[in-house]
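Some notes on the structure that comes next.
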Amino acid sequence: MKTFSATPADIDKKWILIDAEGVVLGRLASIVAMRLRGKHKASFTPNMDMGDNVIVINADKVQLTGKKRSDKNYYWHTGHPGGIKSRTAGELLEGEYPERVVMKAVQRMLPGNRLSRKQMTNLRVYAGTEHPHEAQSPEVLDVKSMNSKNTRS
């Protein structure tokens with residue numbers, strides 16, 4: 001029996017909708033990363049983009065365990081000498097673009113190569129409940145009911 005290797009004709013992409021309200025950030029990111037890569041499919045091929053299109057809503061209501069909301073820092077550099085800057089996770093979640101916390105968590109769970117950068121384009125994250133992808137009729141994936149540890153009250 002030969003090992004199956006998917007070709008572009010074999011790939012079947014679905015649209016998945018995930019509500020992030022009350023879900024722990026790391027658990028949400030690992031589920032989304034697995035869906036983006038396509039590892040949940042039996043026909044998974046590591047060198048092909050066979051993951052689903054994922055829509056995450058309510059990204060501003062994601063939960064962090066422990067003291068991560070005040071202790072976890074996100075760093076960036078301006079490019080000038082001494083130009084390192086940082087914000088805490090709480091500041092980002094309460095700021096103008098809270099969806100960046102979810103985007104960074106998912107991005108850091110994917111390998112750092114060209115294929116994962118292409119797979120990140122299949123992720124759409126929205127801070128509120130509204131999204132412009134109703135025409136794709138996405139399937140709802142209930143992350144809260146998968147495991148009791150996925151939620152925080």
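Chain identifiers are assigned as A, B, and so on, following the order in which chains appear in the structure tokens; residues are numbered from 1 within each chain, and ligands are numbered from 1 in order of appearance.
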
Where does stretch 64-100 of chain A meet stretch 104-110 of chain A within 12 Å, residue by residue, with the nearest atom pair and distance in Å to one decimal for each, counting only C-alpha atoms, listed by chain and rising number, as CSV?
residue,atom,partner,partner_atom,distance
A:Leu64,CA,A:Ala105,CA,11.7
A:Lys72,CA,A:Ala105,CA,12.0
A:Asn73,CA,A:Lys104,CA,12.0
A:Tyr74,CA,A:Lys104,CA,9.3
A:Tyr75,CA,A:Lys104,CA,11.4
A:Ala89,CA,A:Lys104,CA,11.0
A:Leu92,CA,A:Lys104,CA,11.4
A:Tyr97,CA,A:Lys104,CA,11.9
A:Pro98,CA,A:Lys104,CA,10.7
A:Glu99,CA,A:Lys104,CA,8.8
A:Arg100,CA,A:Lys104,CA,6.0

Next, the residues of the selection above should be written as an mmCIF file, in the first residue's frame with C-alpha atoms.
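Result went into result.cif, see below:
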data_model
loop_
_atom_site.group_PDB
_atom_site.id
_atom_site.type_symbol
_atom_site.label_atom_id
_atom_site.label_comp_id
_atom_site.auth_asym_id
_atom_site.auth_seq_id
_atom_site.Cartn_x
_atom_site.Cartn_y
_atom_site.Cartn_z
ATOM 1 C CA LEU A 64 -6.238 34.295 30.111
ATOM 2 C CA LYS A 72 2.399 38.680 29.722
ATOM 3 C CA ASN A 73 4.195 41.225 27.528
ATOM 4 C CA TYR A 74 4.168 41.657 23.763
ATOM 5 C CA TYR A 75 7.374 43.262 22.483
ATOM 6 C CA ALA A 89 -1.895 41.373 27.180
ATOM 7 C CA LEU A 92 -3.871 44.918 24.008
ATOM 8 C CA TYR A 97 -7.156 45.939 18.116
ATOM 9 C CA PRO A 98 -7.851 43.128 20.646
ATOM 10 C CA GLU A 99 -7.882 40.539 17.845
ATOM 11 C CA ARG A 100 -4.072 40.800 17.615
#

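Every protein or nucleic acid residue with an atom no more than 10 Å from A:Asp12, counting only C-alpha atoms and leaving out same-chain residues fewer than 6 positions away, appears here: Met50, Gly51 and Asp52 of chain A.
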
- Task: Name all residues at most 7 Å from A:Asn53 (count only C-alpha atoms; drop same-chain ones fewer than 4 positions away) and give them as a PyMOL selection string.
- Result: chain A and resi 13-16+36+122-123

For C-alpha atoms, I'd like the residues from the last selection saved as a short mmCIF file (atom, residue, chain, number, x, y, z; two decimals), in the first residue's frame.
data_model
loop_
_atom_site.label_atom_id
_atom_site.label_comp_id
_atom_site.auth_asym_id
_atom_site.auth_seq_id
_atom_site.Cartn_x
_atom_site.Cartn_y
_atom_site.Cartn_z
CA LYS A 13 -11.61 23.52 2.30
CA LYS A 14 -14.48 24.27 4.67
CA TRP A 15 -15.40 27.42 6.59
CA ILE A 16 -15.38 27.12 10.39
CA LEU A 36 -5.50 25.92 9.74
CA ASN A 122 -7.06 31.67 6.00
CA LEU A 123 -7.64 33.03 9.52
#

- Assign secondary structure with DSSP using the backbone only, and return the residues of stretch 76-108 of chain A in strand (DSSP E or B) as an MDAnalysis selection string. chainID A and resid 76:77 84:88

Writer output for current selection, C-alpha atoms, as a PDB file, in the first residue's frame:
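Okay, part16.pdb is ready:
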ATOM      1  CA  TRP A  76       8.245  45.041  19.225  1.00  0.00           C
ATOM      2  CA  HIS A  77      11.119  47.206  18.063  1.00  0.00           C
ATOM      3  CA  ILE A  84      12.142  48.304  22.143  1.00  0.00           C
ATOM      4  CA  LYS A  85       8.543  48.742  23.252  1.00  0.00           C
ATOM      5  CA  SER A  86       6.057  46.527  25.015  1.00  0.00           C
ATOM      6  CA  ARG A  87       2.423  46.235  26.030  1.00  0.00           C
ATOM      7  CA  THR A  88       0.763  43.784  28.375  1.00  0.00           C
TER       8      THR A  88
END

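Among the candidates A:Lys2, A:Asp19, A:Arg27, A:Ser43, the residue lying nearest to A:Val140 is A:Asp19 (atoms considered: only C-alpha atoms).
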
- Query: For A:Ser153, which residue among A:Pro138, A:Gly38, A:Gly90, A:Gly22 is the nearest when counting only C-alpha atoms?
  - Reply: A:Gly22

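Residues with any atom within 7 Å of A:Thr151, counting only C-alpha atoms and excluding same-chain neighbours fewer than 4 positions away, are Gly22, Val23, Val24 and Lys144 of chain A.
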
- Task: Find, counting only C-alpha atoms, the residue in A:Ser30, A:Ser148, A:Asn58, A:Thr45 that gets nearest to A:His131.
- Result: A:Asn58

- Contacts of A:Pro132 at 12 Å or less, counting only C-alpha atoms, minus same-chain residues fewer than 5 places along, as a PyMOL selection string? chain A and resi 17+55-57+124-126+137-138

Could those selected residues go to a file with N, CA and C atoms, as a PDB file, in the first residue's frame?
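For reference, again-v9.pdb as written:
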ATOM      1  N   LEU A  17     -16.592  28.503  12.002  1.00  0.00           N
ATOM      2  CA  LEU A  17     -16.841  29.666  12.846  1.00  0.00           C
ATOM      3  C   LEU A  17     -16.634  29.263  14.297  1.00  0.00           C
ATOM      4  N   ILE A  55     -12.942  31.425  11.077  1.00  0.00           N
ATOM      5  CA  ILE A  55     -13.426  32.736  11.502  1.00  0.00           C
ATOM      6  C   ILE A  55     -13.559  32.691  13.023  1.00  0.00           C
ATOM      7  N   VAL A  56     -12.905  33.610  13.716  1.00  0.00           N
ATOM      8  CA  VAL A  56     -12.994  33.690  15.177  1.00  0.00           C
ATOM      9  C   VAL A  56     -13.704  34.994  15.512  1.00  0.00           C
ATOM     10  N   ILE A  57     -14.811  34.895  16.258  1.00  0.00           N
ATOM     11  CA  ILE A  57     -15.533  36.088  16.686  1.00  0.00           C
ATOM     12  C   ILE A  57     -15.402  36.239  18.203  1.00  0.00           C
ATOM     13  N   ARG A 124      -9.460  34.573   9.980  1.00  0.00           N
ATOM     14  CA  ARG A 124     -10.083  35.881  10.130  1.00  0.00           C
ATOM     15  C   ARG A 124     -10.526  36.019  11.572  1.00  0.00           C
ATOM     16  N   VAL A 125     -10.076  37.081  12.247  1.00  0.00           N
ATOM     17  CA  VAL A 125     -10.392  37.291  13.662  1.00  0.00           C
ATOM     18  C   VAL A 125     -11.115  38.626  13.793  1.00  0.00           C
ATOM     19  N   TYR A 126     -12.236  38.616  14.511  1.00  0.00           N
ATOM     20  CA  TYR A 126     -13.028  39.815  14.720  1.00  0.00           C
ATOM     21  C   TYR A 126     -13.287  40.002  16.211  1.00  0.00           C
ATOM     22  N   SER A 137     -21.483  30.449   4.572  1.00  0.00           N
ATOM     23  CA  SER A 137     -22.224  29.588   5.503  1.00  0.00           C
ATOM     24  C   SER A 137     -21.285  28.694   6.317  1.00  0.00           C
ATOM     25  N   PRO A 138     -20.530  29.309   7.232  1.00  0.00           N
ATOM     26  CA  PRO A 138     -19.553  28.544   8.010  1.00  0.00           C
ATOM     27  C   PRO A 138     -20.218  27.602   9.013  1.00  0.00           C
TER      28      PRO A 138
END
